[in-house]
Amino acid sequence: MEVGKYANDPEWASITPIPLDDGSESGSMPLATIAYLPQYLEVTSYLRAVMAANEMSERALALTEDIISMNPAHYTVWIYRAKILLALNKNLDEEIDWLNKVAIKNLKNYQIWGHRQVIMSSRTQFPTLPPKELDFLMEMFAQDSKNYHVWTYRHWLVRHFKLWDLPREISDVNALLKADVYNNSAWSHRYTLRFGPRGEEDAGMANSGSLSTVAADKGRLSVVDEDMVDAELKFTQDKILRAPENRSSWWYARGVLHAAGRELDEWEEFAGRFVTGDVVKSSHAVEWLADVYSKKEQEGGKAVDMLTLLKEKYDPVRKNYWDYRIRMLTA
């Protein structure tokens, strides 16, 4: 953008721009100044002016697009843009189309997803899930399958539109785990779909809303679909057999058993397949067996053996923790 674009535009003649004050105008010397481009200084000076006047207009909307093209991380301009769109009752489908292009160019920008959530929250324009929304999210995951901002938005989308049982949700997760079984974000989303709370939109964990709920009961379902739990455990075992050292799948299994009110010893035989004599195929199986044996008084010696393996060979980084566990067992 050329310098003076706004100063020389008759459409903006009625606006007196407000220049940046980094402290030097008041006589103090700033510790460090940012070397902004002249074009950016001009466009943001007009932004300050229209925001000060709380102007909701087409020209102000175009101004926000100009600034975002230069600095998509400008948090304030995204908030202002959303206010203008809603005040002018703009077609938000067009905003989503524009936003898709911006998101593809700025994969790690979180402001884009906060803005998208605000826009998608419009019940009048988006009473149901837009048909192309999940396609676009998968396009984003094709660029970065563990993009935290996209996953956070998708969690919100599930709660907002109540998509827990939408077949497309679980099929997308299956596809992502097939492509990368180590994708912890996909495992987390799968848990949200299967065992997450389905009440308040901002709820985090099943059965966790009451302060009177003891820690051991948090996350446990009040009603359990045993067939679904069995299917999830079978699915997880298949993934573990593909990648025995994948922590994500082992901890997903822990979560499933806890949600269903089942004990870890249900998997004692399965975990034992990976620890036979001196051959250990999964350190996570060693930890699993240590937890199983720790709850059996007659198996205390075996528990210490497993914890010692972790301390000395398979997880020495947490040596102090394993020492603590051993002391608790031998006290």
# chains A, B, ... in the order shown; residues from 1 in each chain; ligands from 1
>>> closest_atom_pairs(of="range 58-101 of chain A", to="range 107-121 of chain A", cutoff="9 Å", atoms="only C-alpha atoms", output="CSV")
residue,atom,partner,partner_atom,distance
A:Pro72,CA,A:Asn109,CA,7.4
A:Ala73,CA,A:Gln111,CA,6.3
A:His74,CA,A:Gln111,CA,7.9
A:Tyr75,CA,A:Gln111,CA,6.3
A:Trp78,CA,A:His115,CA,6.4
A:Ile79,CA,A:His115,CA,7.3
A:Arg81,CA,A:His115,CA,8.7
A:Ala82,CA,A:His115,CA,7.0
A:Leu85,CA,A:Ile119,CA,8.7
A:Leu86,CA,A:Ile119,CA,8.4
A:Leu92,CA,A:Ile119,CA,6.9
A:Glu95,CA,A:Ile119,CA,8.2
A:Ile96,CA,A:Arg116,CA,7.3
A:Leu99,CA,A:Ile112,CA,7.4
>>> select_by_dssp(residues="range 237-271 of chain A", states="helix (DSSP H, G or I)", output="ChimeraX atom specification")
/A:237-242,247-260,264-271
>>> write_last_selection(atoms="C-alpha atoms", output="compact mmCIF listing (two decimals), in the first residue's frame")
# COMPACT_ATOMS: atom_id res chain seq x y z
CA GLN A 237 -5.60 -51.82 21.67
CA ASP A 238 -5.32 -52.01 17.89
CA LYS A 239 -3.55 -48.64 17.87
CA ILE A 240 -1.22 -49.67 20.69
CA LEU A 241 -0.22 -52.80 18.81
CA ARG A 242 0.83 -50.52 15.94
CA ARG A 247 1.83 -42.51 25.33
CA SER A 248 -1.34 -40.96 23.87
CA SER A 249 -3.12 -44.27 23.27
CA TRP A 250 -2.18 -45.75 26.65
CA TRP A 251 -3.50 -42.69 28.47
CA TYR A 252 -6.62 -42.65 26.34
CA ALA A 253 -7.29 -46.18 27.57
CA ARG A 254 -6.83 -45.03 31.17
CA GLY A 255 -9.37 -42.29 30.56
CA VAL A 256 -11.87 -44.70 29.02
CA LEU A 257 -11.63 -47.14 31.94
CA HIS A 258 -11.93 -44.32 34.47
CA ALA A 259 -14.97 -42.82 32.72
CA ALA A 260 -16.66 -46.24 32.77
CA LEU A 264 -6.79 -50.89 35.30
CA ASP A 265 -6.42 -54.59 36.06
CA GLU A 266 -8.94 -55.25 33.27
CA TRP A 267 -5.95 -54.70 30.98
CA GLU A 268 -3.40 -56.64 33.03
CA GLU A 269 -3.15 -59.45 30.48
CA PHE A 270 -2.92 -57.04 27.55
CA ALA A 271 -0.23 -54.91 29.20
>>> residues_around(residues="Phe161 in chain A", least_positions_apart="4", cutoff="8 Å", atoms="only C-alpha atoms", output="PDB file with N, CA and C atoms, in the first residue's frame")
ATOM      1  N   THR A 128     -27.519 -23.698  12.277  1.00  0.00           N
ATOM      2  CA  THR A 128     -26.957 -25.048  12.255  1.00  0.00           C
ATOM      3  C   THR A 128     -25.555 -24.971  11.674  1.00  0.00           C
ATOM      4  N   LEU A 129     -24.839 -26.071  11.768  1.00  0.00           N
ATOM      5  CA  LEU A 129     -23.466 -26.117  11.276  1.00  0.00           C
ATOM      6  C   LEU A 129     -23.420 -25.890   9.766  1.00  0.00           C
ATOM      7  N   LEU A 157     -16.829 -25.924  18.550  1.00  0.00           N
ATOM      8  CA  LEU A 157     -17.845 -26.169  17.525  1.00  0.00           C
ATOM      9  C   LEU A 157     -18.727 -27.353  17.909  1.00  0.00           C
TER      10      LEU A 157
END
>>> closest_atom_pairs(of="range 180-286 of chain A", to="range 299-314 of chain A", cutoff="12 Å", atoms="only C-alpha atoms", output="Markdown table")
| residue | atom | partner | partner_atom | distance |
| --- | --- | --- | --- | --- |
| A:Glu245 | CA | A:Tyr314 | CA | 10.9 |
| A:Gly272 | CA | A:Met306 | CA | 11.4 |
| A:Val275 | CA | A:Met306 | CA | 9.6 |
| A:Thr276 | CA | A:Met306 | CA | 11.7 |
| A:Gly277 | CA | A:Met306 | CA | 11.3 |
| A:Asp278 | CA | A:Leu309 | CA | 10.1 |
| A:Val279 | CA | A:Leu309 | CA | 11.4 |
| A:Val280 | CA | A:Tyr314 | CA | 9.2 |
| A:Lys281 | CA | A:Tyr314 | CA | 10.5 |
| A:Ser282 | CA | A:Tyr314 | CA | 8.9 |
| A:Ser283 | CA | A:Tyr314 | CA | 5.9 |
| A:His284 | CA | A:Tyr314 | CA | 9.1 |
| A:Ala285 | CA | A:Met306 | CA | 9.5 |
| A:Val286 | CA | A:Met306 | CA | 5.8 |
>>> write_last_selection(atoms="N, CA, C and O atoms", output="short mmCIF file (atom, residue, chain, number, x, y, z; two decimals), in the first residue's frame")
data_model
loop_
_atom_site.label_atom_id
_atom_site.label_comp_id
_atom_site.auth_asym_id
_atom_site.auth_seq_id
_atom_site.Cartn_x
_atom_site.Cartn_y
_atom_site.Cartn_z
N GLU A 245 4.92 -47.71 22.03
CA GLU A 245 5.51 -46.64 22.84
C GLU A 245 4.76 -45.32 22.70
O GLU A 245 5.28 -44.27 23.09
N GLY A 272 0.60 -57.07 29.90
CA GLY A 272 1.63 -58.09 30.10
C GLY A 272 2.25 -58.59 28.81
O GLY A 272 3.37 -59.12 28.81
N VAL A 275 5.57 -56.92 28.28
CA VAL A 275 6.62 -57.06 29.31
C VAL A 275 6.75 -58.55 29.63
O VAL A 275 6.00 -59.10 30.44
N THR A 276 7.69 -59.19 28.97
CA THR A 276 7.89 -60.63 29.18
C THR A 276 9.36 -60.87 29.51
O THR A 276 10.23 -60.74 28.65
N GLY A 277 9.61 -61.21 30.77
CA GLY A 277 10.99 -61.43 31.19
C GLY A 277 11.81 -60.17 31.06
O GLY A 277 11.47 -59.11 31.58
N ASP A 278 12.93 -60.30 30.34
CA ASP A 278 13.83 -59.15 30.13
C ASP A 278 13.45 -58.35 28.89
O ASP A 278 14.10 -57.35 28.58
N VAL A 279 12.42 -58.78 28.19
CA VAL A 279 12.01 -58.10 26.95
C VAL A 279 10.86 -57.15 27.26
O VAL A 279 9.76 -57.57 27.65
N VAL A 280 11.11 -55.88 27.08
CA VAL A 280 10.09 -54.85 27.30
C VAL A 280 9.85 -54.11 25.99
O VAL A 280 10.77 -53.52 25.42
N LYS A 281 8.62 -54.18 25.50
CA LYS A 281 8.28 -53.54 24.24
C LYS A 281 7.58 -52.19 24.43
O LYS A 281 7.36 -51.46 23.47
N SER A 282 7.20 -51.90 25.68
CA SER A 282 6.53 -50.63 25.95
C SER A 282 6.75 -50.21 27.39
O SER A 282 6.35 -50.93 28.32
N SER A 283 7.37 -49.06 27.58
CA SER A 283 7.56 -48.54 28.94
C SER A 283 6.23 -48.17 29.57
O SER A 283 6.07 -48.22 30.79
N HIS A 284 5.25 -47.83 28.74
CA HIS A 284 3.92 -47.47 29.25
C HIS A 284 3.22 -48.71 29.81
O HIS A 284 2.44 -48.61 30.77
N ALA A 285 3.50 -49.86 29.23
CA ALA A 285 2.95 -51.11 29.76
C ALA A 285 3.58 -51.42 31.12
O ALA A 285 2.91 -51.93 32.03
N VAL A 286 4.87 -51.10 31.27
CA VAL A 286 5.54 -51.30 32.56
C VAL A 286 4.86 -50.45 33.63
O VAL A 286 4.57 -50.91 34.73
#
>>> atom_distance(atom1="CA of Arg48 in chain A", atom2="CA of Trp98 in chain A")
23.7 Å
>>> closest_residue(among="A:Lys218, A:Leu166, A:Thr152, A:Tyr6", to="Ser188 in chain A", atoms="only C-alpha atoms")
A:Thr152
>>> closest_residue(among="A:Ala231, A:Ala186, A:Ala175, A:Met70", to="Trp151 in chain A", atoms="only C-alpha atoms")
A:Ala186
>>> residues_around(residues="Ala52 in chain A", least_positions_apart="3", cutoff="12 Å", atoms="only C-alpha atoms", output="mmCIF file with all heavy atoms, in the first residue's frame")
data_model
loop_
_atom_site.group_PDB
_atom_site.id
_atom_site.type_symbol
_atom_site.label_atom_id
_atom_site.label_comp_id
_atom_site.auth_asym_id
_atom_site.auth_seq_id
_atom_site.Cartn_x
_atom_site.Cartn_y
_atom_site.Cartn_z
ATOM 1 N N ILE A 15 -12.047 12.504 8.223
ATOM 2 C CA ILE A 15 -11.407 11.899 9.388
ATOM 3 C C ILE A 15 -10.063 12.556 9.674
ATOM 4 O O ILE A 15 -9.244 12.736 8.762
ATOM 5 C CB ILE A 15 -11.193 10.387 9.173
ATOM 6 C CG1 ILE A 15 -12.538 9.671 9.101
ATOM 7 C CG2 ILE A 15 -10.333 9.783 10.284
ATOM 8 C CD1 ILE A 15 -13.324 9.668 10.392
ATOM 9 N N THR A 16 -9.841 12.924 10.910
ATOM 10 C CA THR A 16 -8.532 13.425 11.342
ATOM 11 C C THR A 16 -7.801 12.275 12.013
ATOM 12 O O THR A 16 -8.195 11.819 13.098
ATOM 13 C CB THR A 16 -8.681 14.578 12.345
ATOM 14 O OG1 THR A 16 -9.408 15.641 11.733
ATOM 15 C CG2 THR A 16 -7.317 15.080 12.798
ATOM 16 N N PRO A 17 -6.766 11.758 11.362
ATOM 17 C CA PRO A 17 -6.071 10.593 11.919
ATOM 18 C C PRO A 17 -5.425 10.901 13.270
ATOM 19 O O PRO A 17 -5.040 12.038 13.536
ATOM 20 C CB PRO A 17 -5.036 10.251 10.859
ATOM 21 C CG PRO A 17 -4.817 11.518 10.099
ATOM 22 C CD PRO A 17 -6.137 12.229 10.112
ATOM 23 N N ILE A 18 -5.334 9.880 14.107
ATOM 24 C CA ILE A 18 -4.690 10.009 15.418
ATOM 25 C C ILE A 18 -3.367 9.251 15.348
ATOM 26 O O ILE A 18 -3.351 8.012 15.291
ATOM 27 C CB ILE A 18 -5.578 9.429 16.529
ATOM 28 C CG1 ILE A 18 -6.922 10.170 16.564
ATOM 29 C CG2 ILE A 18 -4.870 9.521 17.881
ATOM 30 C CD1 ILE A 18 -7.910 9.594 17.563
ATOM 31 N N SER A 45 -3.329 4.948 12.190
ATOM 32 C CA SER A 45 -3.747 6.269 12.683
ATOM 33 C C SER A 45 -5.215 6.536 12.337
ATOM 34 O O SER A 45 -5.945 7.161 13.117
ATOM 35 C CB SER A 45 -2.846 7.367 12.114
ATOM 36 O OG SER A 45 -3.058 7.537 10.720
ATOM 37 N N TYR A 46 -5.636 6.049 11.195
ATOM 38 C CA TYR A 46 -7.054 6.175 10.828
ATOM 39 C C TYR A 46 -7.912 5.204 11.640
ATOM 40 O O TYR A 46 -9.064 5.501 11.964
ATOM 41 C CB TYR A 46 -7.228 5.955 9.323
ATOM 42 C CG TYR A 46 -6.914 7.186 8.512
ATOM 43 C CD1 TYR A 46 -5.604 7.488 8.144
ATOM 44 C CD2 TYR A 46 -7.912 8.078 8.147
ATOM 45 C CE1 TYR A 46 -5.299 8.629 7.425
ATOM 46 C CE2 TYR A 46 -7.619 9.230 7.420
ATOM 47 C CZ TYR A 46 -6.316 9.506 7.072
ATOM 48 O OH TYR A 46 -6.025 10.656 6.365
ATOM 49 N N LEU A 47 -7.348 4.048 11.974
ATOM 50 C CA LEU A 47 -8.078 3.101 12.821
ATOM 51 C C LEU A 47 -8.375 3.740 14.184
ATOM 52 O O LEU A 47 -9.496 3.633 14.688
ATOM 53 C CB LEU A 47 -7.263 1.822 13.007
ATOM 54 C CG LEU A 47 -7.848 0.807 13.999
ATOM 55 C CD1 LEU A 47 -9.122 0.185 13.445
ATOM 56 C CD2 LEU A 47 -6.830 -0.292 14.339
ATOM 57 N N ARG A 48 -7.395 4.384 14.781
ATOM 58 C CA ARG A 48 -7.617 5.017 16.088
ATOM 59 C C ARG A 48 -8.728 6.053 16.000
ATOM 60 O O ARG A 48 -9.553 6.179 16.919
ATOM 61 C CB ARG A 48 -6.330 5.660 16.585
ATOM 62 C CG ARG A 48 -5.224 4.681 16.894
ATOM 63 C CD ARG A 48 -3.995 5.365 17.495
ATOM 64 N NE ARG A 48 -2.849 4.475 17.355
ATOM 65 C CZ ARG A 48 -1.979 4.530 16.356
ATOM 66 N NH1 ARG A 48 -2.089 5.476 15.427
ATOM 67 N NH2 ARG A 48 -0.994 3.661 16.281
ATOM 68 N N ALA A 49 -8.771 6.762 14.907
ATOM 69 C CA ALA A 49 -9.770 7.819 14.755
ATOM 70 C C ALA A 49 -11.183 7.252 14.649
ATOM 71 O O ALA A 49 -12.108 7.721 15.318
ATOM 72 C CB ALA A 49 -9.445 8.668 13.531
ATOM 73 N N GLU A 55 -17.208 4.315 14.940
ATOM 74 C CA GLU A 55 -17.837 4.321 13.619
ATOM 75 C C GLU A 55 -18.089 2.898 13.129
ATOM 76 O O GLU A 55 -17.187 2.069 13.073
ATOM 77 C CB GLU A 55 -16.940 5.062 12.617
ATOM 78 C CG GLU A 55 -17.513 5.111 11.213
ATOM 79 C CD GLU A 55 -16.640 5.898 10.247
ATOM 80 O OE1 GLU A 55 -16.147 6.984 10.627
ATOM 81 O OE2 GLU A 55 -16.452 5.425 9.101
ATOM 82 N N MET A 56 -19.319 2.626 12.761
ATOM 83 C CA MET A 56 -19.699 1.341 12.203
ATOM 84 C C MET A 56 -20.088 1.572 10.746
ATOM 85 O O MET A 56 -21.217 1.961 10.440
ATOM 86 C CB MET A 56 -20.890 0.752 12.971
ATOM 87 C CG MET A 56 -20.650 0.557 14.452
ATOM 88 S SD MET A 56 -19.522 -0.813 14.809
ATOM 89 C CE MET A 56 -18.550 -0.084 16.145
ATOM 90 N N ALA A 60 -14.967 1.714 7.410
ATOM 91 C CA ALA A 60 -14.239 1.212 8.571
ATOM 92 C C ALA A 60 -13.980 -0.288 8.438
ATOM 93 O O ALA A 60 -12.911 -0.788 8.831
ATOM 94 C CB ALA A 60 -15.018 1.511 9.841
ATOM 95 N N TYR A 80 -12.855 -5.095 16.718
ATOM 96 C CA TYR A 80 -13.567 -3.993 16.064
ATOM 97 C C TYR A 80 -14.258 -4.476 14.797
ATOM 98 O O TYR A 80 -15.411 -4.112 14.517
ATOM 99 C CB TYR A 80 -12.563 -2.876 15.753
ATOM 100 C CG TYR A 80 -13.159 -1.628 15.152
ATOM 101 C CD1 TYR A 80 -14.320 -1.049 15.655
ATOM 102 C CD2 TYR A 80 -12.542 -1.002 14.061
ATOM 103 C CE1 TYR A 80 -14.852 0.106 15.106
ATOM 104 C CE2 TYR A 80 -13.059 0.151 13.510
ATOM 105 C CZ TYR A 80 -14.214 0.706 14.030
ATOM 106 O OH TYR A 80 -14.744 1.849 13.477
#
>>> atom_distance(atom1="CA of Val292 in chain A", atom2="CA of Tyr321 in chain A")
17.1 Å
>>> residues_around(residues="Asp66 in chain A", least_positions_apart="5", cutoff="10 Å", atoms="only C-alpha atoms", output="MDAnalysis selection string")
chainID A and resid 1 40 43:44 60:61 71:72
>>> residues_around(residues="Val158 in chain A", least_positions_apart="5", cutoff="10 Å", atoms="only C-alpha atoms", output="list in words")
Leu129, Tyr153, Leu163, Trp164, Asp165, Leu166, Glu169, His189, Thr192, Leu193, Arg198 and Glu201 of chain A
>>> write_last_selection(atoms="C-alpha atoms", output="compact mmCIF listing (two decimals), in the first residue's frame")
# COMPACT_ATOMS: atom_id res chain seq x y z
CA LEU A 129 -23.47 -26.12 11.28
CA TYR A 153 -12.09 -24.13 17.80
CA LEU A 163 -22.04 -32.53 17.29
CA TRP A 164 -20.94 -35.30 19.70
CA ASP A 165 -22.80 -37.99 17.75
CA LEU A 166 -22.32 -36.59 14.26
CA GLU A 169 -16.78 -36.08 13.71
CA HIS A 189 -10.94 -34.79 20.60
CA THR A 192 -14.44 -35.29 24.08
CA LEU A 193 -16.82 -36.93 21.61
CA ARG A 198 -22.89 -32.68 27.08
CA GLU A 201 -21.02 -25.28 26.67
>>> closest_residue(among="A:Glu263, A:Pro244, A:Glu287, A:Asp227", to="Arg318 in chain A", atoms="only C-alpha atoms")
A:Glu287
>>> select_by_dssp(residues="range 137-290 of chain A", states="strand (DSSP E)", output="MDAnalysis selection string")
chainID A and resid 275:276 279:280
>>> write_last_selection(atoms="N, CA and C atoms", output="PDB file, in the first residue's frame")
ATOM      1  N   VAL A 275       5.574 -56.920  28.282  1.00  0.00           N
ATOM      2  CA  VAL A 275       6.616 -57.063  29.314  1.00  0.00           C
ATOM      3  C   VAL A 275       6.750 -58.547  29.630  1.00  0.00           C
ATOM      4  N   THR A 276       7.686 -59.186  28.973  1.00  0.00           N
ATOM      5  CA  THR A 276       7.888 -60.629  29.178  1.00  0.00           C
ATOM      6  C   THR A 276       9.357 -60.867  29.511  1.00  0.00           C
ATOM      7  N   VAL A 279      12.416 -58.780  28.188  1.00  0.00           N
ATOM      8  CA  VAL A 279      12.013 -58.100  26.954  1.00  0.00           C
ATOM      9  C   VAL A 279      10.858 -57.148  27.255  1.00  0.00           C
ATOM     10  N   VAL A 280      11.110 -55.880  27.084  1.00  0.00           N
ATOM     11  CA  VAL A 280      10.089 -54.847  27.299  1.00  0.00           C
ATOM     12  C   VAL A 280       9.849 -54.114  25.986  1.00  0.00           C
TER      13      VAL A 280
END
